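A.B. asks: Got a structure for you, questions after.
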Amino acid sequence: MTRLIARKLTVLAGVTLALPFLASTAGAGTTPAPVAVPDSAIHASTVTVGGAKVLPTTRTVAHWFGTALNPDNGVTYGFNMVGADPSHEQSTTITADIVPVNVVVGGRTFNGTNVVQPTLDSPVFTANDYSTTPFVTNSLDGKTNNSFTTGGALSSDNTDNQLEDATMRSQFNKQGTGYHVLLNPVVHDPITIVVPAGKGTLIQTARGVVAGDVNVTWWAALIQNLDNTLGYNDPTHLPVYLTNNVMLFGGTDPANCCVIGFHGASEVVGLGTGSGHGTGNQLVQTFAWASYVTPGFFNPVTAWALQDIHPLSHEISEWADDPFVNNTVEPWLTPTAPQYGCTNVLETGDPVVAIGFAKGANAFEQGPTPNGTQVADGFYHPEDEVFMPWFMRLSPSTSQAVQVGTGGRYTLMGSLNPYAGFKMPATGC
């Protein structure tokens with residue numbers, strides 16, 4: 001996962017935020033035609049933004065510190081995770097401040113407000129039974145995704161849980177106990193962002209689905225500034241900036257797409273706190289941005305699961321396992337996500353981007369794509385998530401037992417993940 005240190009932009013504070021000083025540079029007249037990009041040219045990825053060190057007295061999201069020994073290299077790694085130590089079997093609830101972001105790019109508006117209710121109705125915030133799933137990502141050759149196939153048993157004893165709660169309980173083999181990591185969503189007024197010319201455009205994939213495409217560095221700086229200017233932001237909460245089918249590109253080429261989400265952390269300067277450097281009680285704000293993906297934007301054969309809340313499920317899981325963007329592990333590499341290369345970060349979603357399963361009933365945008373392709377299937381599509389024993393090269397895994405065979409699993413999907421590399425510990429670079 002790429003780490004961004006974003007430049008600072010000047011934005012206005014307020015509950016409903018428009019950026020009129022950007023509107024004058026956004027261009028006028030008719031909406032330009034989207035740039036057509038082939039499926040082979042786009043690759044879903046994520047980044048992290050910033051990072052912060054914390055002390056036990058730091059004012060930030062509820063978290064705990066632990067250590068794990070990697071028997072492969074003999075190193076004991078320390079890590080912070082959201083919630084309470086699973087061994088205590090306690091429940092933690094974190095307020096998630098949902099900030100809808102309406103994005104105007106290339107003369108077209110992508111309303112984050114439109115996807116607030118579908119997101120609230122999704123497994124991210126509603127309780128579901130994870131005992132089974134009807135469909136999962138398929139692979140015919142064990143190397144690449146190939147649409148979807150029939151699911152099966154998923155995670156027993158997680159029968160009335162939010163998605164991340166079920167994920168954390170399965171990761172630490174605490175399903176059926178009092179251990180919980182819960183999110184309490186609070187929706188705020190929308191923010192409107194007008195993307196200036198040169199910082200964004202429109203792109204269209206083979207099925208006719210159009211997305212906003214915005215420069216990643218510009219966007220990351222904007223989100224960081226919102227963290228420091230929105231009056232309701234609280235370092236003990238998780239701000240979630242929600243957009244609708246807005247992707248990010250790196251460099252100057254809009255075809256260098258598509259970042260679908262990020263999470264980050266930074267010391268808060270301002271809001272009456274002065275410098276972020278203090279005696280241990282400084283504020284550290286964690287945050288996440290994710291885009292709700294229109295079905296059919298990504299190829300339904302190679303990325304069936306990459307629709308609706310897939311990016312948000314990715315970022316919430318990575319935030320929970322690496323809230324301050326400083327958990328490191330022995331370097332790993334996986335052929336399922338070559339876009340990340342060789343990396344030493346504990347980012348649970350990166351190895352399994354576009355691998356997922358069906359859960360919950362989704363009634364939003366379930367019709368065919370503009371070219372008539374039926375991709376939506378009436379479900380939400382959470383991402384599979386890799387567990388700590390995979391990164392730590394533990395064998396057997398200490399997570400929830402696999403559905404087929406013996407021993408613990410290495411991802412939430414366990415035996416339903418179609419790739420052999422996730423039925424064993426990670427391999428090196």
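For the structure tokens, the naming scheme is as follows: chains receive sequential letters (A, B, ...) according to their order of presentation, residues are indexed from 1 within each chain, and ligands are indexed from 1 in presentation order.
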Can you pull out every residue within 12 Å of A:Thr205, counting only C-alpha atoms, but drop anything in the same chain fewer than 4 positions away, and send it as a VMD selection string?
C.D. replies: chain A and resid 34 to 43 209 to 213 255 257 to 258 294 to 300 369 to 371
A.B. asks: Run DSSP on the backbone of this structure and report the residues of stretch 208-399 of chain A it assigns to strand (DSSP E or B), as a PyMOL selection string.
C.D. replies: chain A and resi 210-215+238-244+246-249+257-267+283-293+308+328-332+343-345+356-357+359-361+379-380+383+386
A.B. asks: From the set A:Asn245, A:Thr31, A:Thr48, A:Asn158, which residue has the shortest atom-to-atom contact distance to A:Asp322, counting only C-alpha atoms?
C.D. replies: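 Between A:Asn245, A:Thr31, A:Thr48, A:Asn158, the residue approaching A:Asp322 most closely is A:Thr48.
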A.B. asks: Could you check which of A:Asn70, A:Thr76, A:Asn128, A:Thr177 is closest to A:Ser91, using only C-alpha atoms?
C.D. replies: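 Residue with the minimum atom-to-atom distance to A:Ser91: A:Thr177.
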A.B. asks: How many Å separate atom CA of A:Asp160 from atom CA of A:Ala358?
C.D. replies: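 Interatomic distance here is 16.1 Å.
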A.B. asks: Identify, on the basis of only C-alpha atoms, every residue whose closest approach to stretch 402-405 of chain A does not exceed 8 Å; exclude the query and any residue fewer than 4 positions from it along the same chain; express the result as a list in words.
C.D. replies: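 Once the nearby chain positions are removed, what remains is Ala153, Leu154, Arg409, Gly414 and Ser415 of chain A.
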A.B. asks: Pick out the closest residue to A:Val195 from this set: A:Phe125, A:Phe262, A:Phe110, A:Phe135. Count only C-alpha atoms.
C.D. replies: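 When distances to A:Val195 are compared using only C-alpha atoms, the smallest one comes from A:Phe110.
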A.B. asks: Using only C-alpha atoms, pick whichever of A:Gln175, A:Thr343, A:Ser399, A:Gln117 has the shortest atom-to-atom distance to A:Thr427.
C.D. replies: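 Comparing A:Gln175, A:Thr343, A:Ser399, A:Gln117 against A:Thr427, the winner is A:Thr343.
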A.B. asks: Pick out the residues sitting within 9 Å of stretch 55-67 of chain A, and hand them over as a VMD selection string; count only C-alpha atoms, and ignore anything fewer than 3 positions along from it in its own chain.
C.D. replies: chain A and resid 76 to 85 92 to 94 234 to 238 279 to 286 320 323
A.B. asks: Please report, as a list in words, each residue of stretch 164-255 of chain A to which DSSP assigns alpha helix (DSSP H) when run on this structure's backbone.
C.D. replies: Glu164, Asp165, Ala166, Thr167, Met168, Arg169, Ser170, Gln171, Val216, Thr217, Trp218, Trp219, Ala220, Ala221, Leu222, Ile223, Gln224, Asn225, Leu226, Asp227, Asn228 and Thr229 of chain A
A.B. asks: Compare A:Tyr419, A:Phe364, A:Tyr241, A:Tyr340 by their minimum atom-to-atom distance to A:Glu315, counting only C-alpha atoms, and give me the closest one.
C.D. replies: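 Closest to A:Glu315, using only C-alpha atoms: A:Tyr241.
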A.B. asks: Taking only C-alpha atoms into account, name the residue in A:Ser170, A:Val187, A:Phe287, A:Thr348 that is nearest to A:Asn327.
C.D. replies: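 Using only C-alpha atoms, A:Asn327 sits closest to A:Thr348.
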